$ cat upload-v1.cif   # mmCIF, C-alpha atoms
data_entry
#
loop_
_atom_site.group_PDB
_atom_site.id
_atom_site.type_symbol
_atom_site.label_atom_id
_atom_site.label_comp_id
_atom_site.auth_asym_id
_atom_site.auth_seq_id
_atom_site.Cartn_x
_atom_site.Cartn_y
_atom_site.Cartn_z
ATOM 1 C CA MET A 1 0.000 0.000 0.000
ATOM 2 C CA SER A 2 1.352 3.440 -0.853
ATOM 3 C CA LYS A 3 2.170 5.932 1.867
ATOM 4 C CA GLY A 4 -0.734 8.156 0.782
ATOM 5 C CA GLY A 5 -3.142 5.223 0.832
ATOM 6 C CA ASN A 6 -1.889 4.132 4.243
ATOM 7 C CA ASP A 7 -2.352 7.660 5.646
ATOM 8 C CA ARG A 8 -5.914 7.744 4.296
ATOM 9 C CA HIS A 9 -6.595 4.315 5.820
ATOM 10 C CA LEU A 10 -5.299 5.478 9.219
ATOM 11 C CA ARG A 11 -7.411 8.665 9.093
ATOM 12 C CA GLU A 12 -10.523 6.630 8.230
ATOM 13 C CA ARG A 13 -9.775 4.172 11.043
ATOM 14 C CA ARG A 14 -9.299 6.986 13.547
ATOM 15 C CA LEU A 15 -12.584 8.565 12.479
ATOM 16 C CA PHE A 16 -14.360 5.223 12.833
ATOM 17 C CA LEU A 17 -12.834 4.561 16.247
ATOM 18 C CA THR A 18 -13.618 8.094 17.409
ATOM 19 C CA GLY A 19 -17.256 7.595 16.412
ATOM 20 C CA ALA A 20 -17.363 4.239 18.182
ATOM 21 C CA VAL A 21 -15.876 5.771 21.323
ATOM 22 C CA VAL A 22 -18.386 8.617 21.300
ATOM 23 C CA ALA A 23 -21.311 6.242 20.727
ATOM 24 C CA GLY A 24 -20.060 3.645 23.194
ATOM 25 C CA GLY A 25 -18.862 6.203 25.712
ATOM 26 C CA ALA A 26 -22.387 7.005 26.806
ATOM 27 C CA VAL A 27 -22.938 3.340 27.585
ATOM 28 C CA LEU A 28 -19.564 2.535 29.153
ATOM 29 C CA ALA A 29 -18.863 5.791 30.986
ATOM 30 C CA PRO A 30 -20.937 4.901 34.079
ATOM 31 C CA ALA A 31 -19.172 1.529 34.388
ATOM 32 C CA ILE A 32 -15.727 3.083 34.003
ATOM 33 C CA VAL A 33 -16.532 5.800 36.535
ATOM 34 C CA GLY A 34 -17.849 3.126 38.892
ATOM 35 C CA LEU A 35 -14.643 1.153 38.472
ATOM 36 C CA SER A 36 -12.567 4.234 39.307
ATOM 37 C CA ASP A 37 -14.692 4.958 42.380
ATOM 38 C CA ALA A 38 -14.433 1.362 43.554
ATOM 39 C CA ALA A 39 -10.668 1.452 43.125
ATOM 40 C CA ALA A 40 -10.400 4.612 45.192
ATOM 41 C CA GLN A 41 -12.542 3.144 47.960
ATOM 42 C CA HIS A 42 -10.607 -0.133 48.114
ATOM 43 C CA SER A 43 -7.060 1.129 47.741
ATOM 44 C CA GLY A 44 -6.155 0.037 51.256
ATOM 45 C CA GLY A 45 -7.746 -3.419 51.116
ATOM 46 C CA SER A 46 -7.372 -6.556 49.083
ATOM 47 C CA VAL A 47 -8.900 -4.909 46.000
ATOM 48 C CA GLY A 48 -7.676 -1.595 44.575
ATOM 49 C CA HIS A 49 -4.915 0.356 42.895
ATOM 50 C CA ALA A 50 -1.324 -0.375 43.764
ATOM 51 C CA GLU A 51 1.839 0.737 42.016
ATOM 52 C CA ALA A 52 0.659 -0.843 38.766
ATOM 53 C CA GLU A 53 -1.050 0.166 35.543
ATOM 54 C CA GLY A 54 -4.526 -1.189 36.100
ATOM 55 C CA TYR A 55 -6.839 -2.442 38.778
ATOM 56 C CA VAL A 56 -5.124 -4.751 41.274
ATOM 57 C CA VAL A 57 -6.872 -7.655 42.996
ATOM 58 C CA ASP A 58 -5.385 -10.045 45.543
ATOM 59 C CA ALA A 59 -4.927 -13.367 43.723
ATOM 60 C CA ALA A 60 -6.516 -15.200 46.667
ATOM 61 C CA THR A 61 -9.805 -13.275 46.259
ATOM 62 C CA ALA A 62 -12.603 -15.741 45.539
ATOM 63 C CA ASP A 63 -16.083 -15.139 44.091
ATOM 64 C CA TYR A 64 -15.137 -12.001 42.115
ATOM 65 C CA CYS A 65 -14.814 -11.624 38.356
ATOM 66 C CA ALA A 66 -11.095 -10.772 38.179
ATOM 67 C CA THR A 67 -10.076 -14.194 39.524
ATOM 68 C CA CYS A 68 -12.769 -16.233 37.758
ATOM 69 C CA THR A 69 -11.851 -18.526 34.884
ATOM 70 C CA PHE A 70 -14.921 -17.395 32.933
ATOM 71 C CA TRP A 71 -14.124 -13.651 33.044
ATOM 72 C CA GLY A 72 -12.968 -12.328 29.672
ATOM 73 C CA GLY A 73 -11.209 -9.122 30.692
ATOM 74 C CA GLY A 74 -7.564 -8.251 30.167
ATOM 75 C CA ARG A 75 -5.494 -9.354 33.150
ATOM 76 C CA ARG A 76 -2.089 -10.572 34.218
ATOM 77 C CA ILE A 77 -0.619 -12.209 37.289
ATOM 78 C CA SER A 78 2.206 -10.475 39.158
ATOM 79 C CA THR A 79 5.616 -12.140 39.065
ATOM 80 C CA ASP A 80 5.268 -13.178 42.713
ATOM 81 C CA GLY A 81 1.776 -14.600 42.039
ATOM 82 C CA ARG A 82 0.127 -12.536 44.785
ATOM 83 C CA ASN A 83 -1.874 -10.105 42.638
ATOM 84 C CA VAL A 84 -3.932 -9.995 39.462
ATOM 85 C CA THR A 85 -3.827 -6.712 37.545
ATOM 86 C CA THR A 86 -6.791 -6.062 35.278
ATOM 87 C CA THR A 87 -7.138 -3.459 32.552
ATOM 88 C CA GLY A 88 -10.865 -2.757 32.452
ATOM 89 C CA LEU A 89 -14.179 -4.442 31.880
ATOM 90 C CA GLY A 90 -14.617 -8.059 30.793
ATOM 91 C CA TRP A 91 -17.296 -10.335 29.397
ATOM 92 C CA CYS A 92 -18.786 -13.007 31.605
ATOM 93 C CA ASN A 93 -18.590 -16.310 29.721
ATOM 94 C CA ASN A 94 -20.179 -18.509 32.376
ATOM 95 C CA PRO A 95 -23.606 -19.833 31.248
ATOM 96 C CA ALA A 96 -24.485 -20.545 34.901
ATOM 97 C CA SER A 97 -23.968 -16.902 35.942
ATOM 98 C CA PRO A 98 -26.699 -14.256 35.969
ATOM 99 C CA ASN A 99 -24.100 -12.017 34.280
ATOM 100 C CA TYR A 100 -23.575 -14.361 31.323
ATOM 101 C CA GLN A 101 -22.684 -12.399 28.165
ATOM 102 C CA LYS A 102 -22.614 -9.114 30.087
ATOM 103 C CA LEU A 103 -19.714 -6.745 30.684
ATOM 104 C CA THR A 104 -18.629 -6.685 34.310
ATOM 105 C CA THR A 105 -15.990 -4.909 36.363
ATOM 106 C CA PRO A 106 -13.176 -6.991 37.857
ATOM 107 C CA ASP A 107 -14.504 -6.340 41.376
ATOM 108 C CA HIS A 108 -18.042 -7.496 40.528
ATOM 109 C CA GLY A 109 -19.320 -10.076 42.949
ATOM 110 C CA PRO A 110 -19.618 -12.016 45.061
ATOM 111 C CA MET A 111 -20.560 -14.738 42.604
ATOM 112 C CA THR A 112 -20.876 -17.580 45.113
ATOM 113 C CA GLY A 113 -21.860 -20.869 43.503
ATOM 114 C CA VAL A 114 -20.920 -19.948 39.921
ATOM 115 C CA TRP A 115 -17.360 -18.608 40.374
ATOM 116 C CA ARG A 116 -14.505 -20.903 39.340
ATOM 117 C CA LYS A 117 -10.865 -20.132 40.104
ATOM 118 C CA TRP A 118 -8.835 -18.973 37.094
ATOM 119 C CA GLU A 119 -6.593 -21.915 36.143
ATOM 120 C CA ALA A 120 -3.546 -19.690 35.697
ATOM 121 C CA LEU A 121 -3.688 -18.943 39.425
ATOM 122 C CA ASN A 122 -3.445 -22.675 40.204
ATOM 123 C CA ARG A 123 -0.120 -22.824 38.368
ATOM 124 C CA ARG A 124 1.237 -19.990 40.550
ATOM 125 C CA ALA A 125 0.110 -21.432 43.891
#
$ encode --input "upload-v1.cif" --output "structure tokens"
Amino acid sequence: MSKGGNDRHLRERRLFLTGAVVAGGAVLAPAIVGLSDAAAQHSGGSVGHAEAEGYVVDAATADYCATCTFWGGGRRISTDGRNVTTTGLGWCNNPASPNYQKLTTPDHGPMTGVWRKWEALNRRA
């Protein structure tokens, strides 16, 4: 693709993404604000912001989306295996959950009875 064509493609993509953000922002803004508020309230406990880029959850936390195997949000386990850092909302992929096919925050819960420990955490234990 020529440089001119590539520039045009990037401009069109940015315009599309900007429109999607504006349209989706009205829907997602309350959830993102809620996530920020929850992080501020929990910063001293087992759930909250630490010195990381994202939302930090204690890896031993049960019954919450961030540590559930069915949660489809971006996340990673700390090198020491003690924390899970998430990067936003995630889809619930558990057919047994009332939140199935819905976007949830990592601190959503408790989901007693339908939560299953994320397998990657078993490898770190």
$ resolve_selection --input "upload-v1.cif" --expression "the PyMOL selection byres ((chain A and resi 74-84) around 7)" --output "VMD selection string"
chain A and resid 56 to 59 72 to 73 85 to 88 124
$ write_last_selection --input "upload-v1.cif" --atoms "C-alpha atoms" --output "compact mmCIF listing (two decimals), in the coordinates of the input"
# COMPACT_ATOMS: atom_id res chain seq x y z
CA VAL A 56 -5.12 -4.75 41.27
CA VAL A 57 -6.87 -7.66 43.00
CA ASP A 58 -5.38 -10.04 45.54
CA ALA A 59 -4.93 -13.37 43.72
CA GLY A 72 -12.97 -12.33 29.67
CA GLY A 73 -11.21 -9.12 30.69
CA THR A 85 -3.83 -6.71 37.54
CA THR A 86 -6.79 -6.06 35.28
CA THR A 87 -7.14 -3.46 32.55
CA GLY A 88 -10.86 -2.76 32.45
CA ARG A 124 1.24 -19.99 40.55
$ atom_distance --input "upload-v1.cif" --atom1 "CA of Gln101 in chain A" --atom2 "CA of Glu119 in chain A"
20.3 Å
$ atom_distance --input "upload-v1.cif" --atom1 "CA of Leu121 in chain A" --atom2 "CA of Leu103 in chain A"
22.0 Å
$ atom_distance --input "upload-v1.cif" --atom1 "CA of Asp63 in chain A" --atom2 "CA of Ser97 in chain A"
11.5 Å
$ resolve_selection --input "upload-v1.cif" --expression "the PyMOL selection byres ((chain A and resi 104) around 6)" --output "compact mmCIF listing (two decimals) with C-alpha atoms, in the coordinates of the input"
# COMPACT_ATOMS: atom_id res chain seq x y z
CA LEU A 89 -14.18 -4.44 31.88
CA GLY A 90 -14.62 -8.06 30.79
CA LEU A 103 -19.71 -6.74 30.68
CA THR A 105 -15.99 -4.91 36.36
$ closest_residue --input "upload-v1.cif" --among "A:Asn6, A:Thr61, A:Asn93, A:Asn99" --to "Lys117 in chain A" --atoms "only C-alpha atoms"
A:Thr61
$ closest_residue --input "upload-v1.cif" --among "A:Ala66, A:Leu15, A:Leu10, A:Ala60" --to "Gly109 in chain A" --atoms "all atoms listed in the file"
A:Ala66
$ closest_residue --input "upload-v1.cif" --among "A:Asp107, A:Arg116, A:Cys92, A:His9" --to "Cys68 in chain A" --atoms "all atoms listed in the file"
A:Arg116
$ axis_aligned_box --input "upload-v1.cif" --around "range 58-71 of chain A" --padding-each-side "4 Å" --output "lines of an AutoDock Vina configuration file"
center_x = -10.5
center_y = -14.3
center_z = 39.8
size_x = 19.2
size_y = 16.5
size_z = 21.7
$ resolve_selection --input "upload-v1.cif" --expression "the PyMOL selection byres ((chain A and resi 110) around 9)" --output "ChimeraX atom specification"
/A:62-65,107-109,111-112,115
$ closest_residue --input "upload-v1.cif" --among "A:Glu12, A:Tyr55, A:Ala96, A:Lys102" --to "Val114 in chain A" --atoms "all atoms listed in the file"
A:Ala96
$ decode --input "upload-v1.cif" --residues "range 85-110 of chain A" --atoms "N, CA and C atoms" --output "PDB file, in the first residue's frame"
ATOM      1  N   THR A  85      -3.596  -8.069  38.018  1.00  0.00           N
ATOM      2  CA  THR A  85      -3.827  -6.712  37.545  1.00  0.00           C
ATOM      3  C   THR A  85      -4.726  -6.788  36.324  1.00  0.00           C
ATOM      4  N   THR A  86      -5.834  -6.067  36.376  1.00  0.00           N
ATOM      5  CA  THR A  86      -6.791  -6.062  35.278  1.00  0.00           C
ATOM      6  C   THR A  86      -6.757  -4.709  34.581  1.00  0.00           C
ATOM      7  N   THR A  87      -7.216  -4.693  33.336  1.00  0.00           N
ATOM      8  CA  THR A  87      -7.138  -3.459  32.552  1.00  0.00           C
ATOM      9  C   THR A  87      -8.504  -2.955  32.100  1.00  0.00           C
ATOM     10  N   GLY A  88      -9.553  -3.295  32.807  1.00  0.00           N
ATOM     11  CA  GLY A  88     -10.865  -2.757  32.452  1.00  0.00           C
ATOM     12  C   GLY A  88     -11.980  -3.757  32.630  1.00  0.00           C
ATOM     13  N   LEU A  89     -13.000  -3.595  31.821  1.00  0.00           N
ATOM     14  CA  LEU A  89     -14.179  -4.442  31.880  1.00  0.00           C
ATOM     15  C   LEU A  89     -13.937  -5.761  31.148  1.00  0.00           C
ATOM     16  N   GLY A  90     -14.732  -6.774  31.467  1.00  0.00           N
ATOM     17  CA  GLY A  90     -14.617  -8.059  30.793  1.00  0.00           C
ATOM     18  C   GLY A  90     -15.973  -8.714  30.630  1.00  0.00           C
ATOM     19  N   TRP A  91     -16.061  -9.596  29.647  1.00  0.00           N
ATOM     20  CA  TRP A  91     -17.296 -10.335  29.397  1.00  0.00           C
ATOM     21  C   TRP A  91     -17.375 -11.540  30.319  1.00  0.00           C
ATOM     22  N   CYS A  92     -18.551 -11.790  30.840  1.00  0.00           N
ATOM     23  CA  CYS A  92     -18.786 -13.007  31.605  1.00  0.00           C
ATOM     24  C   CYS A  92     -19.139 -14.111  30.609  1.00  0.00           C
ATOM     25  N   ASN A  93     -18.382 -15.198  30.646  1.00  0.00           N
ATOM     26  CA  ASN A  93     -18.590 -16.310  29.721  1.00  0.00           C
ATOM     27  C   ASN A  93     -19.102 -17.568  30.418  1.00  0.00           C
ATOM     28  N   ASN A  94     -19.676 -17.383  31.606  1.00  0.00           N
ATOM     29  CA  ASN A  94     -20.179 -18.509  32.376  1.00  0.00           C
ATOM     30  C   ASN A  94     -21.698 -18.629  32.191  1.00  0.00           C
ATOM     31  N   PRO A  95     -22.165 -19.671  31.484  1.00  0.00           N
ATOM     32  CA  PRO A  95     -23.606 -19.833  31.248  1.00  0.00           C
ATOM     33  C   PRO A  95     -24.413 -19.978  32.537  1.00  0.00           C
ATOM     34  N   ALA A  96     -23.779 -20.373  33.634  1.00  0.00           N
ATOM     35  CA  ALA A  96     -24.485 -20.545  34.901  1.00  0.00           C
ATOM     36  C   ALA A  96     -24.628 -19.233  35.676  1.00  0.00           C
ATOM     37  N   SER A  97     -23.954 -18.181  35.232  1.00  0.00           N
ATOM     38  CA  SER A  97     -23.968 -16.902  35.942  1.00  0.00           C
ATOM     39  C   SER A  97     -25.122 -16.009  35.475  1.00  0.00           C
ATOM     40  N   PRO A  98     -25.691 -15.233  36.388  1.00  0.00           N
ATOM     41  CA  PRO A  98     -26.699 -14.256  35.969  1.00  0.00           C
ATOM     42  C   PRO A  98     -26.099 -13.129  35.113  1.00  0.00           C
ATOM     43  N   ASN A  99     -24.780 -13.037  35.082  1.00  0.00           N
ATOM     44  CA  ASN A  99     -24.100 -12.017  34.280  1.00  0.00           C
ATOM     45  C   ASN A  99     -23.603 -12.549  32.937  1.00  0.00           C
ATOM     46  N   TYR A 100     -24.023 -13.739  32.570  1.00  0.00           N
ATOM     47  CA  TYR A 100     -23.575 -14.361  31.323  1.00  0.00           C
ATOM     48  C   TYR A 100     -23.782 -13.417  30.140  1.00  0.00           C
ATOM     49  N   GLN A 101     -22.730 -13.253  29.350  1.00  0.00           N
ATOM     50  CA  GLN A 101     -22.684 -12.399  28.165  1.00  0.00           C
ATOM     51  C   GLN A 101     -22.924 -10.920  28.485  1.00  0.00           C
ATOM     52  N   LYS A 102     -22.545 -10.519  29.689  1.00  0.00           N
ATOM     53  CA  LYS A 102     -22.614  -9.114  30.087  1.00  0.00           C
ATOM     54  C   LYS A 102     -21.209  -8.636  30.432  1.00  0.00           C
ATOM     55  N   LEU A 103     -20.976  -7.335  30.261  1.00  0.00           N
ATOM     56  CA  LEU A 103     -19.714  -6.745  30.684  1.00  0.00           C
ATOM     57  C   LEU A 103     -19.760  -6.507  32.183  1.00  0.00           C
ATOM     58  N   THR A 104     -18.702  -6.899  32.873  1.00  0.00           N
ATOM     59  CA  THR A 104     -18.629  -6.685  34.310  1.00  0.00           C
ATOM     60  C   THR A 104     -17.283  -6.072  34.671  1.00  0.00           C
ATOM     61  N   THR A 105     -17.240  -5.437  35.834  1.00  0.00           N
ATOM     62  CA  THR A 105     -15.990  -4.909  36.363  1.00  0.00           C
ATOM     63  C   THR A 105     -15.244  -6.047  37.048  1.00  0.00           C
ATOM     64  N   PRO A 106     -13.929  -5.916  37.213  1.00  0.00           N
ATOM     65  CA  PRO A 106     -13.176  -6.991  37.857  1.00  0.00           C
ATOM     66  C   PRO A 106     -13.579  -7.214  39.312  1.00  0.00           C
ATOM     67  N   ASP A 107     -14.121  -6.196  39.969  1.00  0.00           N
ATOM     68  CA  ASP A 107     -14.504  -6.340  41.376  1.00  0.00           C
ATOM     69  C   ASP A 107     -15.978  -6.693  41.544  1.00  0.00           C
ATOM     70  N   HIS A 108     -16.627  -7.120  40.457  1.00  0.00           N
ATOM     71  CA  HIS A 108     -18.042  -7.496  40.528  1.00  0.00           C
ATOM     72  C   HIS A 108     -18.178  -8.813  41.285  1.00  0.00           C
ATOM     73  N   GLY A 109     -19.095  -8.860  42.183  1.00  0.00           N
ATOM     74  CA  GLY A 109     -19.320 -10.076  42.949  1.00  0.00           C
ATOM     75  C   GLY A 109     -19.980  -9.726  44.275  1.00  0.00           C
ATOM     76  N   PRO A 110     -20.105 -10.644  45.170  1.00  0.00           N
ATOM     77  CA  PRO A 110     -19.618 -12.016  45.061  1.00  0.00           C
ATOM     78  C   PRO A 110     -20.497 -12.864  44.151  1.00  0.00           C
TER      79      PRO A 110
END
